[in-house]
There are 2 protein chains.
Amino acid sequence: MPYFDAASSAPLHPVARQALLASLDEGWADPARLYREGRRARLLLDAAREAAAEAVGCRPDELVFTPSGTRAVHSGISGALAGRRRVGARLVVSAVEHSSVLHAAEAHAAAGGSLTEVPVGRSGAVETAAFAAALDEGTALACLQSANHEVGTVQPVAEVAEACRAAGVPLLVDAAQSLGWGPVEGGWSLLAASAHKWGGPAGVGLLAVRKGVRFAPQGPADERESGRAAGFENLPAIVAAAASLRAVRAEAEAEGARLRALVDRIRGRVPELVPDVEVVGDPVRRLPHLVTFSCLYVDGETLLHELDREGFSVSSGSSCTSSTLTPSHVLRAMGVLSEGNVRVSLPAGTPEGDVERFLDVLPGVVAGVRERLGAPGPATGAAAGSGSLVVDALGRRCPIPVIELAKVIGEVPLGGTVTVLADDEAARLDIPAWCEMRGQEYVGEEPSPNGGTAYVVRRLA
Amino acid sequence: MPYFDAASSAPLHPVARQALLASLDEGWADPARLYREGRRARLLLDAAREAAAEAVGCRPDELVFTPSGTRAVHSGISGALAGRRRVGARLVVSAVEHSSVLHAAEAHAAAGGSLTEVPVGRSGAVETAAFAAALDEGTALACLQSANHEVGTVQPVAEVAEACRAAGVPLLVDAAQSLGWGPVEGGWSLLAASAHKWGGPAGVGLLAVRKGVRFAPQGPADERESGRAAGFENLPAIVAAAASLRAVRAEAEAEGARLRALVDRIRGRVPELVPDVEVVGDPVRRLPHLVTFSCLYVDGETLLHELDREGFSVSSGSSCTSSTLTPSHVLRAMGVLSEGNVRVSLPAGTPEGDVERFLDVLPGVVAGVRERLGAPGPATGAAAGSGSLVVDALGRRCPIPVIELAKVIGEVPLGGTVTVLADDEAARLDIPAWCEMRGQEYVGEEPSPNGGTAYVVRRLA
């Protein structure tokens with residue numbers, strides 16, 4: 001049963017499993033104790049720290065283990081902001097950071113700090129110049145992911161780190177998606193990552209803080225992990241995390257090249273096999289194992305369920321698959337289609353045959369979902385005189401507003417307009433994205449008198 | 001090799017190990033995902049929560065898993081304080097809480113909150129009336145451990161909970177040391193615990209917050225664990241924690257009775273076998289598996305090392321075994337001797353023979369340490385006229401000041417005084433404790449002109 005969601009959580013690497021088992025017996029005692037079980041635990045912890053620091057590219061005393069990648073990000077951001085409180089209270093982040101960064105940023109803003117989100121282009125990458133321009137004299141910290149978790153686009157971290165260095169601002173890199181593939185290049189100041197993303201166990205993150213970076217840990221502390229991560233160390237899992245990081249790094253070059261080719265195959269074949277698909281993210285500067293595409297006129301949740309029935313586990317940034325019913329902030333920031341969104345992230349070892357079977361199955365699954373959605377009864381749009389039409393999709397969930405728009409666009413003459421009334425949040429992203437894909441003109445939106453929003457589209461093609 | 005420090009961390013219970021192994025294969029995926037691996041993980045998480053809630057005695061939706069007991073305590077205290085911010089900013093804790101509680105209390109005080117420490121008696125227990133008297137109209141939260149981690153004394157939680165209820169103050173119980181032995185009785189409002197104390201794996205704590213308790217989680221949150229514990233769930237460890245809690249509970253009555261008898265044997269035999277020992281903590285209202293005693297004229301660190309050489313792993317609250325060179329705050333609050341302190345906490349399954357061998361070995365080890373310390377060269381005390389002596393122990397570490405005092409007390413007449421000059425922090429606790437044990441009068445302390453403190457003792461016996 002192919003699991004194609006490694007970016008959420010990777011299955012445990014065999015080396016992680018072995019190391020975990022061994023250290024369950026050797027590493028359960030308190031490494032702060034002086035007796036032999038404690039000394040043995042301390043040796044294991046020290047060795048794990050050295051291995052992890054080598055993989056990260058920092059000194060062992062710059063690296064602490066945290067209970068998760070999320071905690072590493074939260075502690076890193078709050079500690080760096082507090083350490084530079086005298087400089088200012090501005091936090092600069094890219095618009096496509098992981099939710100753990102954005103939650104920490106929201107908490108900072110709620111506490112009176114200021115926040116700048118640097119926008120991204122259609123590929124999902126920030127522009128170094130735009131990032132640099134956001135850094136001002138009162139900037140305490142900047143955050144940039146090494147690679148995006150939803151679309152795989154690699155960020156220009158080394159260039160942004162250089163810009164940060166020039167501005168005297170520390171840069172925190174969320175390396176959760178990329179650390180298994182290689183170290184983060186460039187002069188970053190802080191780095192956070194999560195073991196279960198590289199095939200390590202859950203319950204382990206890491207936070208590196210370069211010597212010389214002002215850092216004031218927040219919240220109650222204890223004597224563990226240099227006062228930066230309170231609570232008894234999760235030692236067997238830490239040992240397994242470090243061992244598996246070393247193992248995946250040893251395999252990274254060969255496995256990365258293999259998965260890159262499989263992803264290239266998906267990127268190339270999906271638009272050939274499935275009509276009306278947008279493959280998003282940078283085709284070249286990207287993670288080896290991850291690809292995201294969106295299918296017009298498709299409901300993401302149904303698509304996921306159908307793929308699950310066929311044995312494929314994937315995730316989606318569509319609004320219908322989120323608990324808040326809003327599309328992924330990443331797709332929104334990129335300005336790309338969010339409906340029928342599928343993220344495929346291949347775990348190490350994925351056989352080529354699984355990818356081929358996915359490509360065999362996908363066209364039929366998408367067609368089936370479209371067929372069911374495309375027959376919702378007669379169109380609810382009413383002709384409103386020559387050259388313009390109004391489609392009332394109020395109360396209808398994504399992708400229905402876009403489907404209704406597509407159904408009637410041929411009924412207005414070239415230069416005529418279709419106005420779509422909709423209250424589903426995804427329409428704000430998907431109607432302009434549809435226009436872009438279809439070569440139609442997106443005129444704009446205005447509040448609709450009966451609630452919701454009126455989206456105006458001019459027929460050009 | 002007998003490991004007698006279960007109160008620090010218990011070896012992994014076989015059931016925990018089994019459950020961990022099984023859920024490494026079944027429970028590595030994200031329980032928030034909709035595909036089969038995610039649904040399977042969600043089922044495991046739900047089942048673990050139900051099992052843990054049953055053992056705690058709360059509803060499953062009142063309980064969240066945290067990355068450690070420390071994090072459960074920190075989150076519980078900060079959330080409860082914030083939830084009752086309008087009521088007031090007073091936090092009431094016992095003086096013998098675990099450091100995680102005291103660190104959270106210090107953070108609260110540092111942020112402008114007020115803090116009341118309720119003292120304990122010589123057994124280590126709070127008095128309910130004194131605890132109740134500390135609760136005022138501005139009290140946002142009270143904290144009391146179920147049982148003390150250093151001396152084993154069980155606190156009157158049910159009575160204190162009743163007093164808190166009468167005062168309208170929520171009570172947080174740190175149940176880390178007792179949850180494996182049974183549920184916490186009484187009407188507590190919040191409860192925290194740590195899996196590796198009951199034979200579960202590291203990396204798992206739990207926090208229960210009763211419905212109706214005002215609670216506002218602090219720090220950045222995400223959608224996991226009801227917004228009360230951010231970060232990817234450490235699922236295999238959570239499953240193992242819940243399974244082992246159930247397992248140790250099934251064995252608790254029989255194993256508790258057996259260990260209670262072994263501890264009674266230690267409590268009875270140690271003072272017979274080793275001269276000048278004080279066994280501390282309540283002899284009856286106590287944890288089944290834990291006993292603490294202190295040995296006059298003994299250096300705790302050397303004692304630990306010698307016991308380790310003999311194969312016994314124990315811990316100590318002596319100043320020389322702490323990184324801050326101060327005696328345990330618990331022993332200090334109880335006003336008992338801290339030098340030569342040994343805590344024995346027996347893991348489940350400890351064979352009787354191990355305890356007997358410990359009793360065989362202990363007298364010789366203590367005598368050896370005393371012999372070495374008792375011959376530090378000629379006494380540095382100088383006769384200062386009739387009836388009074390001054391001992392200069394400045395710069396000498398515990399237990400030397402007490403040893404020097406004991407050496408010269410016979411040189412002054414009954415009613416005469418010995419003044420000990422010392423700058424080791426432990427002397428403040430251990431000189432009065434020595435007087436109590438020896439039937440001498442502790443007159444008091446005053447600053448010494450040459451630095452340090454002058455402790456005055458009157459000879460009565």
# chains A, B, ... in the order shown; residues from 1 in each chain; ligands from 1
>>> interface_residues(of="chain A", to="chain B", cutoff="6 Å", atoms="only C-alpha atoms", output="JSON, numbers by chain")
{"A": [9, 29, 35, 67, 68, 70, 103, 104, 107, 202, 203, 220, 231, 234, 308, 313]}
>>> write_last_selection(atoms="C-alpha atoms", output="PDB file, in the first residue's frame")
ATOM      1  CA  SER A   9       5.821  11.875   8.605  1.00  0.00           C
ATOM      2  CA  ALA A  29      18.274   6.298  33.021  1.00  0.00           C
ATOM      3  CA  TYR A  35      25.933   6.173  38.743  1.00  0.00           C
ATOM      4  CA  PRO A  67      10.559  17.281  22.063  1.00  0.00           C
ATOM      5  CA  SER A  68       9.571  18.050  18.437  1.00  0.00           C
ATOM      6  CA  THR A  70       7.510  22.465  16.427  1.00  0.00           C
ATOM      7  CA  HIS A 103       1.961  30.362  15.069  1.00  0.00           C
ATOM      8  CA  ALA A 104       5.036  31.654  16.868  1.00  0.00           C
ATOM      9  CA  ALA A 107       1.994  34.863  19.311  1.00  0.00           C
ATOM     10  CA  ALA A 202       8.508  11.096  16.761  1.00  0.00           C
ATOM     11  CA  GLY A 203       9.317  13.035  19.899  1.00  0.00           C
ATOM     12  CA  PRO A 220      10.531  27.989  32.898  1.00  0.00           C
ATOM     13  CA  GLY A 231      12.154  18.136  30.796  1.00  0.00           C
ATOM     14  CA  ASN A 234      13.777  11.441  25.409  1.00  0.00           C
ATOM     15  CA  ASP A 308      -6.997   6.180  -0.394  1.00  0.00           C
ATOM     16  CA  SER A 313      -1.919   7.984   0.857  1.00  0.00           C
TER      17      SER A 313
END
>>> residues_around(residues="Arg258 in chain B", least_positions_apart="6", cutoff="12 Å", atoms="only C-alpha atoms", output="ChimeraX atom specification")
/B:251-252,264-265,288-289,346-352
>>> write_last_selection(atoms="all heavy atoms", output="JSON list (two decimals), in the first residue's frame")
[["chain", "number", "residue", "atom", "x", "y", "z"],
["B", 251, "GLU", "N", -0.56, -4.47, 38.82],
["B", 251, "GLU", "CA", 0.39, -5.10, 39.75],
["B", 251, "GLU", "C", 0.56, -4.27, 41.01],
["B", 251, "GLU", "O", 1.29, -4.68, 41.93],
["B", 251, "GLU", "CB", 1.77, -5.22, 39.06],
["B", 251, "GLU", "CG", 1.77, -6.02, 37.76],
["B", 251, "GLU", "CD", 2.92, -5.64, 36.81],
["B", 251, "GLU", "OE1", 3.71, -4.72, 37.14],
["B", 251, "GLU", "OE2", 3.01, -6.26, 35.73],
["B", 252, "ALA", "N", -0.06, -3.10, 41.06],
["B", 252, "ALA", "CA", 0.31, -2.11, 42.09],
["B", 252, "ALA", "C", 0.04, -2.61, 43.51],
["B", 252, "ALA", "O", 0.88, -2.42, 44.41],
["B", 252, "ALA", "CB", -0.43, -0.80, 41.85],
["B", 264, "ASP", "N", 10.35, -0.94, 54.71],
["B", 264, "ASP", "CA", 10.28, -0.97, 56.18],
["B", 264, "ASP", "C", 11.54, -1.62, 56.75],
["B", 264, "ASP", "O", 12.06, -1.21, 57.79],
["B", 264, "ASP", "CB", 9.02, -1.73, 56.64],
["B", 264, "ASP", "CG", 7.79, -0.84, 56.66],
["B", 264, "ASP", "OD1", 7.96, 0.39, 56.77],
["B", 264, "ASP", "OD2", 6.67, -1.37, 56.56],
["B", 265, "ARG", "N", 12.00, -2.65, 56.07],
["B", 265, "ARG", "CA", 13.23, -3.32, 56.53],
["B", 265, "ARG", "C", 14.41, -2.34, 56.49],
["B", 265, "ARG", "O", 15.19, -2.27, 57.43],
["B", 265, "ARG", "CB", 13.48, -4.53, 55.62],
["B", 265, "ARG", "CG", 14.80, -5.21, 55.83],
["B", 265, "ARG", "CD", 14.64, -6.67, 56.22],
["B", 265, "ARG", "NE", 15.94, -7.29, 56.40],
["B", 265, "ARG", "CZ", 16.46, -7.63, 57.59],
["B", 265, "ARG", "NH1", 15.75, -7.45, 58.70],
["B", 265, "ARG", "NH2", 17.66, -8.17, 57.67],
["B", 288, "PRO", "N", 5.28, 3.47, 48.62],
["B", 288, "PRO", "CA", 5.70, 2.13, 49.04],
["B", 288, "PRO", "C", 7.18, 1.85, 48.85],
["B", 288, "PRO", "O", 7.76, 1.05, 49.58],
["B", 288, "PRO", "CB", 4.88, 1.18, 48.17],
["B", 288, "PRO", "CG", 4.06, 1.99, 47.25],
["B", 288, "PRO", "CD", 4.27, 3.43, 47.54],
["B", 289, "HIS", "N", 7.79, 2.50, 47.85],
["B", 289, "HIS", "CA", 9.08, 2.01, 47.34],
["B", 289, "HIS", "C", 10.25, 2.92, 47.68],
["B", 289, "HIS", "O", 11.35, 2.66, 47.21],
["B", 289, "HIS", "CB", 9.00, 1.85, 45.82],
["B", 289, "HIS", "CG", 8.82, 3.17, 45.10],
["B", 289, "HIS", "ND1", 7.77, 4.02, 45.36],
["B", 289, "HIS", "CD2", 9.58, 3.77, 44.15],
["B", 289, "HIS", "CE1", 7.88, 5.08, 44.59],
["B", 289, "HIS", "NE2", 8.96, 4.98, 43.85],
["B", 346, "LEU", "N", 13.03, 1.83, 45.06],
["B", 346, "LEU", "CA", 13.11, 0.49, 44.47],
["B", 346, "LEU", "C", 12.22, 0.37, 43.26],
["B", 346, "LEU", "O", 11.02, 0.64, 43.34],
["B", 346, "LEU", "CB", 12.69, -0.55, 45.52],
["B", 346, "LEU", "CG", 13.43, -0.50, 46.86],
["B", 346, "LEU", "CD1", 12.80, -1.51, 47.83],
["B", 346, "LEU", "CD2", 14.91, -0.78, 46.68],
["B", 347, "PRO", "N", 12.76, -0.07, 42.13],
["B", 347, "PRO", "CA", 11.89, -0.35, 40.98],
["B", 347, "PRO", "C", 11.03, -1.59, 41.27],
["B", 347, "PRO", "O", 11.41, -2.43, 42.09],
["B", 347, "PRO", "CB", 12.86, -0.64, 39.83],
["B", 347, "PRO", "CG", 14.23, -0.43, 40.35],
["B", 347, "PRO", "CD", 14.17, -0.37, 41.83],
["B", 348, "ALA", "N", 9.90, -1.66, 40.59],
["B", 348, "ALA", "CA", 9.07, -2.87, 40.69],
["B", 348, "ALA", "C", 9.93, -4.08, 40.38],
["B", 348, "ALA", "O", 10.78, -4.04, 39.49],
["B", 348, "ALA", "CB", 7.91, -2.77, 39.71],
["B", 349, "GLY", "N", 9.73, -5.14, 41.14],
["B", 349, "GLY", "CA", 10.46, -6.38, 40.88],
["B", 349, "GLY", "C", 11.79, -6.49, 41.60],
["B", 349, "GLY", "O", 12.48, -7.50, 41.45],
["B", 350, "THR", "N", 12.17, -5.47, 42.37],
["B", 350, "THR", "CA", 13.44, -5.56, 43.10],
["B", 350, "THR", "C", 13.44, -6.80, 43.99],
["B", 350, "THR", "O", 12.56, -6.97, 44.83],
["B", 350, "THR", "CB", 13.61, -4.32, 44.00],
["B", 350, "THR", "OG1", 13.65, -3.16, 43.18],
["B", 350, "THR", "CG2", 14.89, -4.40, 44.82],
["B", 351, "PRO", "N", 14.44, -7.69, 43.83],
["B", 351, "PRO", "CA", 14.46, -8.90, 44.68],
["B", 351, "PRO", "C", 14.87, -8.54, 46.12],
["B", 351, "PRO", "O", 15.69, -7.64, 46.32],
["B", 351, "PRO", "CB", 15.52, -9.79, 44.03],
["B", 351, "PRO", "CG", 15.99, -9.08, 42.81],
["B", 351, "PRO", "CD", 15.54, -7.67, 42.87],
["B", 352, "GLU", "N", 14.32, -9.28, 47.04],
["B", 352, "GLU", "CA", 14.64, -9.07, 48.46],
["B", 352, "GLU", "C", 16.15, -9.18, 48.68],
["B", 352, "GLU", "O", 16.73, -8.45, 49.49],
["B", 352, "GLU", "CB", 13.90, -10.12, 49.29],
["B", 352, "GLU", "CG", 14.04, -9.91, 50.78],
["B", 352, "GLU", "CD", 13.27, -10.98, 51.57],
["B", 352, "GLU", "OE1", 12.47, -11.72, 50.96],
["B", 352, "GLU", "OE2", 13.50, -11.07, 52.79]]
>>> residues_around(residues="range 389-400 of chain B", least_positions_apart="6", cutoff="8 Å", atoms="only C-alpha atoms", output="NGL selection string")
:B and (296-299 or 319-320 or 339-340 or 373 or 380-383 or 412 or 417-424 or 426-427 or 452)
>>> select_by_dssp(residues="range 160-248 of chain B", states="helix (DSSP H, G or I)", output="list in words")
Val160, Ala161, Glu162, Ala163, Cys164, Arg165, Ala166, Ala167, Ala195, His196, Lys197, Arg224, Glu225, Ser226, Gly227, Leu235, Pro236, Ala237, Ile238, Val239, Ala240, Ala241, Ala242, Ala243, Ser244, Leu245, Arg246, Ala247 and Val248 of chain B
>>> write_last_selection(atoms="C-alpha atoms", output="short mmCIF file (atom, residue, chain, number, x, y, z; two decimals), in the first residue's frame")
data_model
loop_
_atom_site.label_atom_id
_atom_site.label_comp_id
_atom_site.auth_asym_id
_atom_site.auth_seq_id
_atom_site.Cartn_x
_atom_site.Cartn_y
_atom_site.Cartn_z
CA VAL B 160 -6.19 20.27 50.61
CA ALA B 161 -8.39 19.85 47.53
CA GLU B 162 -11.43 20.27 49.76
CA ALA B 163 -9.93 23.44 51.24
CA CYS B 164 -9.19 24.72 47.74
CA ARG B 165 -12.73 23.97 46.62
CA ALA B 166 -14.08 25.87 49.62
CA ALA B 167 -11.88 28.83 48.69
CA ALA B 195 5.40 8.20 32.01
CA HIS B 196 9.05 7.31 32.61
CA LYS B 197 8.39 7.38 36.36
CA ARG B 224 -2.99 19.03 18.25
CA GLU B 225 -3.96 17.83 21.75
CA SER B 226 -6.83 20.32 22.06
CA GLY B 227 -4.43 23.22 21.56
CA LEU B 235 2.53 8.30 19.30
CA PRO B 236 4.45 5.04 19.79
CA ALA B 237 5.65 6.33 23.15
CA ILE B 238 2.15 7.50 24.08
CA VAL B 239 0.76 4.06 23.32
CA ALA B 240 3.51 2.46 25.39
CA ALA B 241 2.92 4.90 28.24
CA ALA B 242 -0.77 4.12 28.43
CA ALA B 243 -0.25 0.37 28.15
CA SER B 244 2.37 0.34 30.89
CA LEU B 245 0.27 2.51 33.19
CA ARG B 246 -2.48 -0.04 32.94
CA ALA B 247 0.04 -2.85 33.54
CA VAL B 248 1.69 -1.32 36.60
#
>>> closest_residue(among="B:Leu414, B:Ala80, B:Val402, B:Leu337", to="Tyr455 in chain B", atoms="only C-alpha atoms")
B:Val402
>>> atom_distance(atom1="CA of Glu356 in chain B", atom2="CA of Val263 in chain B")
11.0 Å
>>> closest_residue(among="B:Cys435, B:Leu144, B:Ala41, B:Ala254", to="Trp188 in chain B", atoms="only C-alpha atoms")
B:Leu144
>>> select_by_dssp(residues="range 9-248 of chain B", states="strand (DSSP E or B)", output="PyMOL selection string")
chain B and resi 63-66+90-94+114-118+139-145+147+153-154+171-174+190-194+205-209
>>> write_last_selection(atoms="C-alpha atoms", output="CSV table (one decimal), in the first residue's frame")
chain,number,residue,atom,x,y,z
B,63,LEU,CA,-6.6,14.6,29.2
B,64,VAL,CA,-3.8,15.6,26.8
B,65,PHE,CA,-0.4,14.1,26.3
B,66,THR,CA,2.7,16.3,26.6
B,90,ARG,CA,-1.2,34.7,43.4
B,91,LEU,CA,0.2,31.2,43.1
B,92,VAL,CA,0.4,29.0,46.2
B,93,VAL,CA,2.7,26.0,46.2
B,94,SER,CA,4.2,23.7,48.9
B,114,SER,CA,3.0,36.7,43.5
B,115,LEU,CA,4.0,33.5,45.1
B,116,THR,CA,3.3,31.9,48.5
B,117,GLU,CA,5.3,28.8,49.6
B,118,VAL,CA,3.5,26.8,52.2
B,139,THR,CA,-5.2,33.2,44.5
B,140,ALA,CA,-5.4,32.0,40.9
B,141,LEU,CA,-3.9,28.5,41.5
B,142,ALA,CA,-2.6,26.2,44.2
B,143,CYS,CA,-0.1,23.3,43.6
B,144,LEU,CA,0.5,20.3,45.7
B,145,GLN,CA,2.4,17.1,44.8
B,147,ALA,CA,3.8,12.5,47.2
B,153,THR,CA,5.9,11.5,52.2
B,154,VAL,CA,2.3,11.4,50.9
B,171,LEU,CA,-5.7,22.7,42.7
B,172,LEU,CA,-3.0,21.3,40.4
B,173,VAL,CA,-1.6,18.0,41.6
B,174,ASP,CA,1.8,16.9,40.5
B,190,LEU,CA,-5.6,19.7,37.2
B,191,LEU,CA,-3.2,16.8,37.4
B,192,ALA,CA,0.3,16.3,35.8
B,193,ALA,CA,2.4,13.1,35.5
B,194,SER,CA,5.3,11.6,33.7
B,205,GLY,CA,3.8,13.3,30.1
B,206,LEU,CA,0.1,13.9,30.7
B,207,LEU,CA,-2.0,16.8,31.8
B,208,ALA,CA,-5.6,16.5,32.9
B,209,VAL,CA,-7.7,19.6,33.2
>>> atom_distance(atom1="CA of Pro449 in chain A", atom2="CA of Ala461 in chain A")
29.0 Å
>>> atom_distance(atom1="CA of Ala89 in chain A", atom2="CA of Val213 in chain A")
16.1 Å
>>> residues_around(residues="Pro183 in chain B", least_positions_apart="5", cutoff="8 Å", atoms="only C-alpha atoms", output="PyMOL selection string")
chain B and resi 55-57+178
>>> write_last_selection(atoms="N, CA, C and O atoms", output="PDB file, in the first residue's frame")
ATOM      1  N   ALA B  55      -7.160   5.491  34.052  1.00  0.00           N
ATOM      2  CA  ALA B  55      -6.206   5.332  35.161  1.00  0.00           C
ATOM      3  C   ALA B  55      -6.125   6.601  36.004  1.00  0.00           C
ATOM      4  O   ALA B  55      -5.946   6.541  37.225  1.00  0.00           O
ATOM      5  N   VAL B  56      -6.257   7.743  35.360  1.00  0.00           N
ATOM      6  CA  VAL B  56      -6.189   9.019  36.097  1.00  0.00           C
ATOM      7  C   VAL B  56      -7.491   9.264  36.853  1.00  0.00           C
ATOM      8  O   VAL B  56      -7.490   9.840  37.945  1.00  0.00           O
ATOM      9  N   GLY B  57      -8.584   8.797  36.243  1.00  0.00           N
ATOM     10  CA  GLY B  57      -9.893   9.088  36.824  1.00  0.00           C
ATOM     11  C   GLY B  57     -10.461  10.381  36.291  1.00  0.00           C
ATOM     12  O   GLY B  57     -10.931  11.242  37.047  1.00  0.00           O
ATOM     13  N   SER B 178       3.387   9.216  42.149  1.00  0.00           N
ATOM     14  CA  SER B 178       2.404   8.269  42.687  1.00  0.00           C
ATOM     15  C   SER B 178       1.464   7.652  41.665  1.00  0.00           C
ATOM     16  O   SER B 178       0.784   6.672  41.975  1.00  0.00           O
TER      17      SER B 178
END
>>> residues_around(residues="Val291 in chain B", least_positions_apart="3", cutoff="10 Å", atoms="only C-alpha atoms", output="ChimeraX atom specification")
/B:150-153,260,263-264,266-267,279-283,286-288,342-346
>>> closest_residue(among="B:Val361, B:Leu135, B:Ala216, B:Val15", to="Ala82 in chain B", atoms="only C-alpha atoms")
B:Ala216
>>> residues_around(residues="Leu331 in chain B", least_positions_apart="3", cutoff="9 Å", atoms="only C-alpha atoms", output="MDAnalysis selection string")
chainID B and resid 96 122 124 150:151 280 317:318 327:328 334:338 429
>>> residues_around(residues="Pro156 in chain A", least_positions_apart="3", cutoff="8 Å", atoms="only C-alpha atoms", output="ChimeraX atom specification")
/A:125-128,146,159-160
>>> closest_residue(among="A:Thr302, A:Ser388, A:Ser448, A:Thr326", to="Arg372 in chain A", atoms="only C-alpha atoms")
A:Thr302
>>> closest_residue(among="B:Gly353, B:Gly387, B:Gly186, B:Gly76", to="Leu262 in chain B", atoms="only C-alpha atoms")
B:Gly353
